[in-house]
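Novice: Mind having a look at this structure? Questions to follow.
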Amino acid sequence: MDDNNNINIEETEQGSEKEERSFRLIRLRNAVAFGLVCCFAFGLVLFILTSEGYIRLGRESSGVTDAPASAVDERFSEVYDLLEKQYVGDLDEESQLTEALKAYVKALGDPYTEYLEMSEAEEFIDGSYGQKYGIGVRVFESTDPPGIYVKYAYPGAPAEKAGILSGDVIVSVDGVSVTHENYEKSVDAVAGEEGTTVKLSVKRGEETKEFSVVRGSFNASPIEYRLLNCEGDIAYLRIDGVSSNSSAEFKAALEALKALGAKAYVFDVRDDGGGYLDEVTSMLDLLLPEGPIVHYTHKGEEDERVVMSDADVLIDAPMAVLINKNTASAAELFAAALRDYKLAVLVGKTTYGKGVIQTLYELKNGDVLKITTGRYDPPYGENYQGVGVNPDVEVSLPSGESFYLLKESEDTQLQAAISELQNKLQGKQ
């Protein structure tokens with residue numbers, strides 16, 4: 001977690017209420033009181049906006065010095081005393097404290113406010129993209145045949161070098177068949193350690209092929225792109241999450257497609273759960289004219305903040321954005337902003353509806369508190385928290401099908417977007 005601000009959180013001093021209180025209990029009470037401070041006083045904390053589908057990542061300092069709930073502290077002490085004296089087993093103080101803090105935060109009822117242990121926070125912050133190790137595929141579960149469906153093999157990754165293709169289904173890993181019951185374990189078994197070999201049985205159509213893949217490093221990008229197999233030189237650009245390097249890769253993809261002669265663009269943000277605010281605004285800045293990109297406010301601030309786009313645009317062409325119920329947060333802003341400027345038609349289904357911001361606060365022990373601290377609005381439209389962004393052209397996929405499993409010609413949402421763009425290119429709209 002790189003940041004220019006060093007965390008400096010002060011614990012609240014606690015008086016010695018009872019001389020016979022053990023040092024261990026005092027330490028636990030202090031820790032819990034500190035956890036309560038974090039939960040009650042986040043509105044007073046200075047923040048640095050970051051992002052997970054509208055999260056800004058920052059290390060925060062707190063000047064709070066008063067414990068918020070002595071009654072809660074007393075109840076905790078009472079419960080601890082009883083457990084220590086009466087419980088027949090051993091007390092695991094650290095895990096009990098962590099679980100208590102998680103439960104305390106969860107009781108807010110906000111699905112986006114969470115207490116994250118250090119390992120969870122590192123995984124959350126790192127995300128799914130960047131320099132990774134493994135065989136280099138994006139996957140989901142296949143039911144027919146049972147296995148691991150390869151939805152994308154990263155270029156230059158070990159899987160692609162070995163000959164594994166998008167659309168393949170891994171049906172066994174090191175001789176163990178993949179089932180619904182062991183799917184997660186099978187995915188973990190494919191990942192493994194760098195430099196080791198995994199043997200995979202892969203179903204490709206009616207044929208089964210065998211591969212030995214040496215796990216290694218690869219660059220996992222959330223961006224994939226190509227020219228579509230249709231008239232009009234229409235480009236397809238898939239955004240599968242807004243990570244820490246998405247804007248640079250997005251720009252490179254646009255430049256490559258422009259060089260290939262693309263005359264219109266389909267942006268696919270279906271199942272895109274969002275990402276970093278600064279990255280999605282940088283992406284939109286390449287497409288929007290001068291004006292606002294996003295408006296946002298935080299608790300404790302009266303003035304609205306605005307991120308602006310400059311007058312420089314990388315492409316000036318008809319656009320369509322594919323959306324669905326799993327399009328969330330930063331991906332929703334991407335779609336809504338392009339529509340607000342009347343630059344793109346939205347095709348698909350109503351989106352998830354997440355219009356709030358989270359800020360990450362690193363605690364002294366390395367754990368992280370992720371707190372919903374504000375709201376954001378698209379350039380000219382309404383906030384869509386809990387409502388979602390509606391498509392201009394509502395189109396369903398074939399019943400029960402995932403767009404990942406459909407051929408280009410079978411993807412009804414993609415075909416509707418192509419039709420919209422072809423009409424624009426032919427001057428019919």
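Chain identifiers are assigned as A, B, and so on, following the order in which chains appear in the structure tokens; residues are numbered from 1 within each chain, and ligands are numbered from 1 in order of appearance.
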Excluding stretch 307-318 of chain A and its own-chain neighbours fewer than 6 positions away, which residues fall within 6 Å of it when counting only C-alpha atoms? Please give them as a list in words.
Specialist: Ala264, Asp285, Leu286, Leu287, Pro289, Glu290, Gly291, Pro292, Ile293 and Val294 of chain A
Novice: Using C-alpha atoms, can you export the residues from the last selection as a JSON list (two decimals), in the first residue's frame?
Specialist:
```json
[["chain", "number", "residue", "atom", "x", "y", "z"],
["A", 264, "ALA", "CA", -16.93, 2.60, -34.03],
["A", 285, "ASP", "CA", -10.94, 11.74, -19.96],
["A", 286, "LEU", "CA", -9.75, 10.06, -23.19],
["A", 287, "LEU", "CA", -13.33, 9.97, -24.49],
["A", 289, "PRO", "CA", -14.99, 16.65, -24.15],
["A", 290, "GLU", "CA", -14.14, 19.34, -21.64],
["A", 291, "GLY", "CA", -16.48, 19.22, -18.66],
["A", 292, "PRO", "CA", -17.28, 17.31, -15.47],
["A", 293, "ILE", "CA", -16.59, 13.58, -15.20],
["A", 294, "VAL", "CA", -17.84, 12.92, -11.67]]
```
Novice: Once DSSP has gone over the backbone, tell me which residues of stretch 169-410 of chain A are in alpha helix (DSSP H), as a short mmCIF file (atom, residue, chain, number, x, y, z; two decimals) with C-alpha atoms, in the first residue's frame.
Specialist:
```
data_model
loop_
_atom_site.label_atom_id
_atom_site.label_comp_id
_atom_site.auth_asym_id
_atom_site.auth_seq_id
_atom_site.Cartn_x
_atom_site.Cartn_y
_atom_site.Cartn_z
CA TYR A 183 -14.24 -26.84 -8.12
CA GLU A 184 -12.57 -24.29 -5.82
CA LYS A 185 -9.88 -26.78 -4.79
CA SER A 186 -9.28 -27.59 -8.45
CA VAL A 187 -8.81 -23.91 -9.31
CA ASP A 188 -6.32 -23.60 -6.45
CA ALA A 189 -4.54 -26.71 -7.71
CA VAL A 190 -4.15 -25.16 -11.16
CA ALA A 191 -2.63 -22.00 -9.68
CA SER A 246 -6.31 0.16 -16.39
CA SER A 247 -6.19 3.67 -17.86
CA ALA A 248 -2.75 3.16 -19.44
CA GLU A 249 -3.79 -0.19 -20.92
CA PHE A 250 -7.12 1.27 -22.03
CA LYS A 251 -5.31 4.06 -23.85
CA ALA A 252 -2.94 1.60 -25.53
CA ALA A 253 -5.90 -0.53 -26.65
CA LEU A 254 -7.69 2.49 -28.12
CA GLU A 255 -4.56 3.54 -30.00
CA ALA A 256 -4.10 0.02 -31.37
CA LEU A 257 -7.73 -0.24 -32.49
CA LYS A 258 -7.58 3.21 -34.06
CA ALA A 259 -4.46 2.15 -35.99
CA LEU A 277 -11.85 6.28 -9.14
CA ASP A 278 -8.74 7.97 -10.53
CA GLU A 279 -8.35 5.20 -13.13
CA VAL A 280 -11.90 5.34 -14.45
CA THR A 281 -11.82 9.14 -14.62
CA SER A 282 -8.54 8.92 -16.59
CA MET A 283 -10.19 6.46 -18.96
CA LEU A 284 -13.19 8.72 -19.44
CA ASP A 285 -10.94 11.74 -19.96
CA ALA A 330 -16.78 2.58 -11.56
CA ALA A 331 -18.15 0.60 -14.51
CA GLU A 332 -21.55 2.23 -13.98
CA LEU A 333 -19.90 5.66 -14.01
CA PHE A 334 -18.12 4.76 -17.26
CA ALA A 335 -21.45 3.94 -18.92
CA ALA A 336 -23.43 6.80 -17.38
CA ALA A 337 -20.84 9.46 -18.22
CA LEU A 338 -20.69 8.49 -21.90
CA ARG A 339 -24.48 8.62 -22.08
CA ASP A 340 -24.66 11.95 -20.25
#
```
Novice: Between atom CA of A:Lys349 and atom CA of A:Thr327, what is the distance, to one decimal in Å?
Specialist: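 Going from atom CA of A:Lys349 over to atom CA of A:Thr327, I get 9.3 Å.
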Novice: Please identify the strand (DSSP E) residues within stretch 47-241 of chain A (assignment by DSSP from backbone atoms) and present them as number ranges by chain.
Specialist: A: 55-57, 114-116, 130-134, 137-143, 146-153, 169-173, 176-177, 197-204, 207-214, 216-220, 223-227, 234-239
Novice: Counting only C-alpha atoms, which residue out of A:Gly353, A:Gly374, A:Val169, A:Arg238 sits closest to A:Tyr265?
Specialist: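 Nearest to A:Tyr265: A:Arg238.
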